[in-house]
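Following: one structure in structure tokens, then a few remarks.
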Amino acid sequence: MLRLIVQRLLLLIPLLLGLSVLLFAWVRALPGGPATALLGERATPEAVARINTLYGFDQPVHVQYFKYLGRLLQGDFGVSTRTGRPVLDEFLTRFPATIELTIVALIIAIGIGIPLGYIAARRAGSFIDHSSVVVSLIGVTVPVFFLAFILKYVFAVELGWFPSTGRQDPTMIATHPTNFYVLDGLLTGEWDAAWDALVHLILPGIALGTIPLAIVARMTRAAVSEVQNADYVRTARAKGIRASRLRGEHILRNSMLPVLTTIGLQVGLLLSGAVLTETVFAFSGIGSFLAEAVFNADYPVMQGFVLMIAIVYALVNLFVDVSYGLIDPRLRRQQ
Amino acid sequence: MSANELPVTDGAAAEPLRRSIHGDGPGGADHAGEGVWGRAWRTLRKNPVAIAGFVIVAVFVLVALFAPLLAPYGPNELPGRALVRPTMIPGPSAEYPLGLDRYGGDVLSKLIWGARASLLVGVLSTLFGLAGGMALGLLAGWFGKWVDFGAMRLVDLMLSVPSLLLAVSIAAIAGQSSMSVIVAIGVVQIPIFARLLRGSMLAQRGQDYVLAASALGLSRRSVTMSHVLPNSVGPVIVQATLTLATAVIEAAALSFLGLGGGEPSTAEWGRMLTAAQQELAVAPRLAILPGICIAVTALGFTLVGESLREALDPRNRTRR
């Protein structure tokens, strides 16, 4: 197991190096060059020249790249041109918000998707089976930002059940030691703050969770339909095994492998899909910050955030691969 | 991986054999000698889901093509400019069946012109992705060895960034225009097509008919081009149909984020949604109508793609 983890971590190195080359080239390819990108289009030639010397843009490209890489390794991702704060700080303050949102979305996706897919497969042709098809079609065809709109309009604007924007009521005075607002409220005993933060997560969580919900339901349905007709399931049934054990150990557990892969991929997509959902709900996570960065041509933020999201994405997939061993003992032995 | 589910199309000769193995008859008239596409077409014609998909796609394409005839107003016209007040946006009326928007544009006309913009971006970006992906996949599948290794690492690299993020980054360099949206969405699709084509070419390579063709003295080029490639494109075409749906959605997402360029009043579904954000409480129809257009169009392409996938899947063939 440890060997697998180390192996996979080592494989990450060339990937990240490649990505750093691409991101480096990307900023160099910006119209007007990196200095104009930093200063804006109306920069005077003197200012451009000054920035070029200051950041070393006048040096040979390979020298620049290694300097950039050196800074990255020291955790220096540059400074946001809009807020003037280091990109890494901006990322770390906002990342907890996106993690909270992703967790809520995943709970919705897994909590509804797996049971829905399971029942749909076990009762093929039933009402639940048909509704699972409808749900998965909605998931692939309705744009997430439109879904977010509808939820916001119906449940926040018209019915007023949920707040329409933000992470917490702006009038609420709460302490934030970790920046995970729900957790903060629980840690400090400010129950009203925790509850308020949770309520703010519901609508964006549903919006963000719908696409993975559809995909998870569909994968579960496909996997369970295949497994439930397998020979060993028939044998187990013939042996007179208890129905609950048959369902849990023979069918569900064996069909979870492809579902788990899907979930892993979805986590990465959630982190990027949050760009749209967070924008609609003015939820200050990494996604909405990134969208603002795009709007304001804040290239250091875009460059740094893409790299960090790619790292998170890779780590999540690594975690999923490793957890295969926990579900499937055959893989554990092979490793 | 759908590459493994490839229809094994070693000609019609194997078909009677397969039927006898599976133990069921052809189910109707004998269509011996018919290609895999002909058979798929016959299955599709009987599938109501596929027909629904085709109808949606046909309506969408026709509306897009005949937009100048169908739309009461031009894409940039703001006929009701004088009627819009800061506090009031006129709703549906005889003259403007779906009402006006914040800028005084006719919503119906903008939706119709928006179909054209979506079709253009969807088709061009998918063609771009298809061309790039097939070129890369073909290179990898043809040369193998280190070319294959290099191409696949490039694909890994592109897949290491979540697709929307990649598209946003590319569109940000290319500048704000609909062309940059097309390029961005197209580039994001390259890895999927490259992997699919390479995978199915590798699966075909070991087939007997390829060995037979090589044994007959055919050059590698003609084996690849006239045997391996045509038999490998099935999953790629299915994917392209499904990709059209995602391309329409992603195009809307990028223009929603403001990367499509142009005025805020541009007749584009994603752009209309951005503008509608401010008016959600006053005129929700401004968000709902373009949203439904995007969803229905994506639904049409998805239904066609999914039915095509089913029709081409050899495992489903004998059951029907």
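Identifiers in this document derive from the order of the structure tokens: chains are assigned A, B, ..., residues are numbered from 1 separately in each chain, and ligands are numbered from 1 in order of occurrence.
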Got a sec: who's within 6 Å of Pro300 in chain A, counting only C-alpha atoms, leaving out chain neighbours fewer than 4 positions off, as JSON, numbers by chain?
{"A": [78, 80, 304]}
Export of the given selection (N, CA and C atoms) as a PDB file, in the first residue's frame:
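Full text of result.pdb as output:
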```
ATOM      1  N   GLY A  78       3.420  34.233  -6.594  1.00  0.00           N
ATOM      2  CA  GLY A  78       3.205  35.578  -7.104  1.00  0.00           C
ATOM      3  C   GLY A  78       2.199  36.340  -6.260  1.00  0.00           C
ATOM      4  N   SER A  80      -1.353  38.783  -6.290  1.00  0.00           N
ATOM      5  CA  SER A  80      -2.556  39.167  -7.044  1.00  0.00           C
ATOM      6  C   SER A  80      -2.449  40.615  -7.474  1.00  0.00           C
ATOM      7  N   GLY A 304      -1.702  30.648 -10.613  1.00  0.00           N
ATOM      8  CA  GLY A 304      -1.503  29.947  -9.349  1.00  0.00           C
ATOM      9  C   GLY A 304      -2.679  29.056  -8.999  1.00  0.00           C
TER      10      GLY A 304
END
```
Contact set, chain A to chain B: 6 Å, only C-alpha atoms, as a list in words
Leu30, Thr141, Val142, Pro143, Phe146, Leu269 and Ala310 of chain A
CA of Phe295 in chain A to CA of Thr279 in chain A, distance in Å rounded to a single decimal
11.7 Å
Residues within 12 Å of range 177-185 of chain A, please, as JSON, numbers by chain. Count only C-alpha atoms; anything in the same chain fewer than 6 positions from it doesn't count.
{"A": [91, 92, 93, 94, 95, 96, 97, 98, 99, 100, 101, 103, 104, 166, 167, 168, 169, 191, 192, 193, 194, 195, 196, 197, 198, 199, 200, 201, 284, 285]}
With N, CA and C atoms retained, write the just-selected residues as an mmCIF file, in the first residue's frame.
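File again_20.cif, as written:
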```
data_model
loop_
_atom_site.group_PDB
_atom_site.id
_atom_site.type_symbol
_atom_site.label_atom_id
_atom_site.label_comp_id
_atom_site.auth_asym_id
_atom_site.auth_seq_id
_atom_site.Cartn_x
_atom_site.Cartn_y
_atom_site.Cartn_z
ATOM 1 N N PHE A 91 -5.589 31.926 -1.937
ATOM 2 C CA PHE A 91 -6.093 30.572 -2.151
ATOM 3 C C PHE A 91 -6.465 29.934 -0.824
ATOM 4 N N LEU A 92 -5.547 30.022 0.136
ATOM 5 C CA LEU A 92 -5.769 29.322 1.401
ATOM 6 C C LEU A 92 -6.936 29.905 2.200
ATOM 7 N N THR A 93 -7.155 31.240 2.104
ATOM 8 C CA THR A 93 -8.305 31.777 2.849
ATOM 9 C C THR A 93 -9.624 31.334 2.229
ATOM 10 N N ARG A 94 -9.631 31.155 0.899
ATOM 11 C CA ARG A 94 -10.898 30.834 0.250
ATOM 12 C C ARG A 94 -11.148 29.348 0.075
ATOM 13 N N PHE A 95 -10.079 28.559 0.092
ATOM 14 C CA PHE A 95 -10.245 27.144 -0.174
ATOM 15 C C PHE A 95 -11.206 26.463 0.811
ATOM 16 N N PRO A 96 -11.143 26.778 2.113
ATOM 17 C CA PRO A 96 -12.090 26.124 3.039
ATOM 18 C C PRO A 96 -13.549 26.299 2.610
ATOM 19 N N ALA A 97 -13.885 27.475 2.064
ATOM 20 C CA ALA A 97 -15.267 27.707 1.635
ATOM 21 C C ALA A 97 -15.652 26.719 0.543
ATOM 22 N N THR A 98 -14.741 26.562 -0.435
ATOM 23 C CA THR A 98 -15.032 25.643 -1.538
ATOM 24 C C THR A 98 -15.076 24.199 -1.052
ATOM 25 N N ILE A 99 -14.198 23.871 -0.086
ATOM 26 C CA ILE A 99 -14.227 22.502 0.450
ATOM 27 C C ILE A 99 -15.566 22.239 1.130
ATOM 28 N N GLU A 100 -16.028 23.192 1.922
ATOM 29 C CA GLU A 100 -17.334 23.029 2.579
ATOM 30 C C GLU A 100 -18.433 22.799 1.551
ATOM 31 N N LEU A 101 -18.398 23.616 0.504
ATOM 32 C CA LEU A 101 -19.420 23.520 -0.536
ATOM 33 C C LEU A 101 -19.332 22.161 -1.245
ATOM 34 N N ILE A 103 -18.160 19.407 -0.031
ATOM 35 C CA ILE A 103 -18.610 18.339 0.867
ATOM 36 C C ILE A 103 -20.133 18.244 0.849
ATOM 37 N N VAL A 104 -20.804 19.398 0.942
ATOM 38 C CA VAL A 104 -22.270 19.373 0.904
ATOM 39 C C VAL A 104 -22.752 18.778 -0.422
ATOM 40 N N GLY A 166 -23.824 34.667 -0.540
ATOM 41 C CA GLY A 166 -22.831 34.734 0.528
ATOM 42 C C GLY A 166 -22.662 33.449 1.312
ATOM 43 N N ARG A 167 -21.762 33.523 2.322
ATOM 44 C CA ARG A 167 -21.467 32.357 3.143
ATOM 45 C C ARG A 167 -22.115 32.460 4.512
ATOM 46 N N GLN A 168 -22.378 33.706 4.927
ATOM 47 C CA GLN A 168 -22.949 33.907 6.246
ATOM 48 C C GLN A 168 -23.636 35.272 6.233
ATOM 49 N N ASP A 169 -24.638 35.412 7.076
ATOM 50 C CA ASP A 169 -25.323 36.686 7.190
ATOM 51 C C ASP A 169 -24.296 37.771 7.513
ATOM 52 N N TRP A 191 -23.385 28.460 18.029
ATOM 53 C CA TRP A 191 -24.276 27.564 17.278
ATOM 54 C C TRP A 191 -25.040 28.296 16.190
ATOM 55 N N ASP A 192 -25.484 29.533 16.494
ATOM 56 C CA ASP A 192 -26.256 30.265 15.493
ATOM 57 C C ASP A 192 -25.413 30.543 14.256
ATOM 58 N N ALA A 193 -24.112 30.807 14.452
ATOM 59 C CA ALA A 193 -23.226 31.070 13.323
ATOM 60 C C ALA A 193 -23.051 29.810 12.484
ATOM 61 N N ALA A 194 -22.879 28.677 13.150
ATOM 62 C CA ALA A 194 -22.717 27.406 12.436
ATOM 63 C C ALA A 194 -23.963 27.109 11.617
ATOM 64 N N TRP A 195 -25.129 27.290 12.240
ATOM 65 C CA TRP A 195 -26.391 27.021 11.559
ATOM 66 C C TRP A 195 -26.573 27.940 10.361
ATOM 67 N N ASP A 196 -26.255 29.237 10.570
ATOM 68 C CA ASP A 196 -26.395 30.209 9.493
ATOM 69 C C ASP A 196 -25.489 29.849 8.309
ATOM 70 N N ALA A 197 -24.254 29.444 8.604
ATOM 71 C CA ALA A 197 -23.319 29.071 7.540
ATOM 72 C C ALA A 197 -23.835 27.837 6.806
ATOM 73 N N LEU A 198 -24.405 26.893 7.549
ATOM 74 C CA LEU A 198 -24.927 25.671 6.948
ATOM 75 C C LEU A 198 -26.089 25.981 6.003
ATOM 76 N N VAL A 199 -26.978 26.866 6.453
ATOM 77 C CA VAL A 199 -28.132 27.232 5.635
ATOM 78 C C VAL A 199 -27.668 27.894 4.331
ATOM 79 N N HIS A 200 -26.582 28.671 4.423
ATOM 80 C CA HIS A 200 -26.044 29.309 3.222
ATOM 81 C C HIS A 200 -25.464 28.297 2.242
ATOM 82 N N LEU A 201 -25.135 27.102 2.740
ATOM 83 C CA LEU A 201 -24.517 26.099 1.871
ATOM 84 C C LEU A 201 -25.544 25.273 1.102
ATOM 85 N N SER A 284 -17.962 33.259 -1.552
ATOM 86 C CA SER A 284 -16.559 33.612 -1.743
ATOM 87 C C SER A 284 -15.595 32.455 -1.537
ATOM 88 N N GLY A 285 -15.631 31.509 -2.461
ATOM 89 C CA GLY A 285 -14.670 30.417 -2.472
ATOM 90 C C GLY A 285 -13.633 30.644 -3.553
#
```
Those in range 56-293 of chain B with alpha helix (DSSP H) from DSSP, as a short mmCIF file (atom, residue, chain, number, x, y, z; two decimals) with C-alpha atoms, in the first residue's frame:
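Written file, part.cif:
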```
data_model
loop_
_atom_site.label_atom_id
_atom_site.label_comp_id
_atom_site.auth_asym_id
_atom_site.auth_seq_id
_atom_site.Cartn_x
_atom_site.Cartn_y
_atom_site.Cartn_z
CA ILE B 56 -34.97 18.40 -31.28
CA VAL B 57 -31.69 18.62 -33.14
CA ALA B 58 -33.46 19.18 -36.46
CA VAL B 59 -35.61 21.99 -35.04
CA PHE B 60 -32.54 23.60 -33.46
CA VAL B 61 -30.52 23.40 -36.68
CA LEU B 62 -33.37 24.73 -38.80
CA VAL B 63 -33.99 27.64 -36.44
CA ALA B 64 -30.27 28.42 -36.48
CA LEU B 65 -30.04 28.24 -40.26
CA ALA B 67 -32.73 32.76 -38.15
CA PRO B 68 -32.80 35.75 -40.54
CA LEU B 69 -36.23 34.65 -41.81
CA LEU B 70 -37.69 33.58 -38.47
CA VAL B 107 -36.39 38.21 -26.38
CA LEU B 108 -37.85 35.94 -29.09
CA SER B 109 -35.49 37.32 -31.74
CA LYS B 110 -32.53 37.06 -29.42
CA LEU B 111 -33.34 33.43 -28.61
CA ILE B 112 -33.54 32.63 -32.34
CA TRP B 113 -30.23 34.36 -33.11
CA GLY B 114 -28.83 32.69 -30.02
CA ALA B 115 -29.54 29.29 -31.59
CA ARG B 116 -27.32 30.32 -34.49
CA ALA B 117 -24.52 31.42 -32.16
CA SER B 118 -24.77 28.16 -30.19
CA LEU B 119 -24.79 25.97 -33.30
CA LEU B 120 -21.78 27.80 -34.68
CA VAL B 121 -19.75 27.49 -31.48
CA GLY B 122 -20.92 23.91 -30.83
CA VAL B 123 -20.16 22.58 -34.29
CA LEU B 124 -16.93 24.49 -34.90
CA SER B 125 -15.45 23.69 -31.50
CA THR B 126 -16.37 20.01 -31.82
CA LEU B 127 -14.83 19.89 -35.30
CA PHE B 128 -11.73 21.54 -33.87
CA GLY B 129 -11.55 19.04 -31.01
CA LEU B 130 -12.28 16.15 -33.35
CA ALA B 131 -9.58 17.16 -35.84
CA GLY B 132 -6.99 17.77 -33.12
CA GLY B 133 -7.89 14.68 -31.15
CA MET B 134 -8.00 12.41 -34.18
CA ALA B 135 -4.67 13.71 -35.41
CA LEU B 136 -3.10 13.09 -32.01
CA GLY B 137 -4.77 9.70 -31.59
CA LEU B 138 -3.81 8.66 -35.10
CA LEU B 139 -0.19 9.66 -34.52
CA ALA B 140 -0.13 7.69 -31.28
CA GLY B 141 -1.92 4.68 -32.74
CA TRP B 142 0.15 4.65 -35.91
CA PHE B 143 3.66 5.19 -34.66
CA LYS B 145 6.39 3.57 -29.02
CA TRP B 146 7.67 6.96 -27.93
CA VAL B 147 5.30 8.97 -30.11
CA ASP B 148 2.46 7.17 -28.40
CA PHE B 149 4.08 7.75 -25.01
CA GLY B 150 4.58 11.46 -25.68
CA ALA B 151 1.08 11.99 -27.06
CA MET B 152 -0.52 10.21 -24.13
CA ARG B 153 1.48 12.19 -21.56
CA LEU B 154 0.32 15.37 -23.28
CA VAL B 155 -3.23 14.05 -22.97
CA ASP B 156 -2.66 13.27 -19.27
CA LEU B 157 -1.39 16.79 -18.79
CA MET B 158 -4.47 18.31 -20.38
CA LEU B 159 -6.74 16.09 -18.33
CA SER B 163 -11.99 20.97 -18.27
CA LEU B 164 -13.90 24.17 -17.53
CA LEU B 165 -10.79 25.61 -15.89
CA LEU B 166 -8.69 24.70 -18.92
CA ALA B 167 -11.25 26.30 -21.23
CA VAL B 168 -11.35 29.45 -19.11
CA SER B 169 -7.55 29.70 -19.13
CA ILE B 170 -7.32 29.26 -22.89
CA ALA B 171 -10.12 31.72 -23.57
CA ALA B 172 -8.38 34.21 -21.29
CA ILE B 173 -5.21 34.21 -23.44
CA ALA B 174 -7.06 34.16 -26.73
CA SER B 178 -16.50 34.10 -29.84
CA MET B 179 -13.51 32.72 -31.77
CA SER B 180 -11.56 32.28 -28.56
CA VAL B 181 -14.53 30.45 -27.00
CA ILE B 182 -14.54 28.07 -29.97
CA VAL B 183 -10.81 27.43 -29.71
CA ALA B 184 -10.97 27.01 -25.92
CA ILE B 185 -13.78 24.46 -26.01
CA GLY B 186 -12.19 22.70 -28.97
CA VAL B 187 -8.82 22.32 -27.27
CA VAL B 188 -10.45 20.93 -24.13
CA GLN B 189 -12.06 18.18 -26.21
CA ILE B 190 -8.81 17.04 -27.85
CA PRO B 191 -7.69 14.62 -25.10
CA ILE B 192 -11.00 12.71 -25.07
CA PHE B 193 -11.00 12.12 -28.82
CA ALA B 194 -7.29 11.30 -28.86
CA ARG B 195 -7.67 8.66 -26.16
CA LEU B 196 -10.75 7.13 -27.71
CA LEU B 197 -9.29 6.83 -31.18
CA ARG B 198 -5.98 5.48 -29.92
CA GLY B 199 -7.76 2.97 -27.69
CA SER B 200 -9.98 1.67 -30.42
CA MET B 201 -7.12 1.55 -32.93
CA LEU B 202 -5.10 -0.54 -30.51
CA ALA B 203 -8.08 -2.84 -30.03
CA GLN B 204 -8.47 -3.23 -33.81
CA ARG B 205 -4.79 -3.83 -34.38
CA ASP B 208 -7.51 -11.17 -37.53
CA TYR B 209 -8.56 -9.04 -40.47
CA VAL B 210 -5.66 -6.69 -39.82
CA LEU B 211 -3.24 -9.61 -39.79
CA ALA B 212 -4.86 -10.92 -42.94
CA ALA B 213 -4.56 -7.57 -44.67
CA SER B 214 -0.89 -7.31 -43.72
CA ALA B 215 -0.31 -10.88 -44.82
CA ARG B 220 0.98 -0.27 -43.29
CA ARG B 221 -0.50 2.95 -44.51
CA SER B 222 -3.34 1.35 -46.40
CA VAL B 223 -4.01 -1.12 -43.58
CA LEU B 229 -9.28 3.70 -38.99
CA PRO B 230 -12.78 3.17 -40.44
CA ASN B 231 -13.41 0.42 -37.93
CA SER B 232 -12.19 2.58 -35.05
CA VAL B 233 -14.26 5.68 -35.60
CA GLY B 234 -17.54 4.35 -34.13
CA PRO B 235 -16.92 5.38 -30.52
CA VAL B 236 -15.35 8.63 -31.72
CA ILE B 237 -18.50 9.59 -33.62
CA VAL B 238 -20.70 8.71 -30.66
CA GLN B 239 -18.48 10.86 -28.46
CA ALA B 240 -18.63 13.73 -30.96
CA THR B 241 -22.43 13.74 -30.78
CA LEU B 242 -22.36 13.78 -26.99
CA THR B 243 -19.65 16.44 -27.09
CA LEU B 244 -21.93 18.74 -29.08
CA ALA B 245 -24.19 18.82 -26.02
CA THR B 246 -21.34 19.70 -23.65
CA ALA B 247 -19.97 22.22 -26.15
CA VAL B 248 -23.30 24.08 -26.20
CA ILE B 249 -23.35 24.11 -22.39
CA GLU B 250 -19.70 25.11 -22.04
CA ALA B 251 -20.06 27.85 -24.64
CA ALA B 252 -22.93 29.25 -22.60
CA ALA B 253 -20.82 28.95 -19.44
CA LEU B 254 -17.88 30.82 -20.96
CA SER B 255 -20.03 33.61 -22.31
CA PHE B 256 -21.86 33.64 -18.97
CA TRP B 269 -27.94 32.25 -24.61
CA GLY B 270 -25.16 32.35 -22.03
CA ARG B 271 -24.87 36.11 -22.31
CA MET B 272 -28.62 36.51 -21.88
CA LEU B 273 -28.37 34.57 -18.62
CA THR B 274 -25.61 36.87 -17.34
CA ALA B 275 -27.76 39.90 -18.04
CA ALA B 276 -30.80 38.23 -16.47
CA ARG B 285 -38.42 34.71 -17.74
CA LEU B 286 -35.22 36.44 -18.94
CA ALA B 287 -33.22 33.69 -17.21
CA ILE B 288 -35.66 30.82 -17.67
CA LEU B 289 -36.11 31.08 -21.45
CA PRO B 290 -32.45 30.97 -22.54
CA GLY B 291 -31.79 28.35 -19.85
CA ILE B 292 -34.47 26.10 -21.30
CA CYS B 293 -33.08 26.62 -24.80
#
```
Among A:Arg71, A:Arg3, A:Arg122, A:Arg85, Ser225 in chain A is approached most closely, using only C-alpha atoms, by A:Arg122
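As for CA of Leu12 in chain A and CA of Tyr65 in chain A, they are spaced 19.2 Å apart.
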List as number ranges by chain the protein and nucleic acid residues near range 108-111 of chain A, meaning an atom at most 10 Å away when only C-alpha atoms are counted, but skip any in the same chain fewer than 2 places from it.
A: 102-106, 113-116, 202, 205-217, 259, 263, 266
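CA of Ala25 in chain A is found 23.9 Å from CA of Thr44 in chain A.
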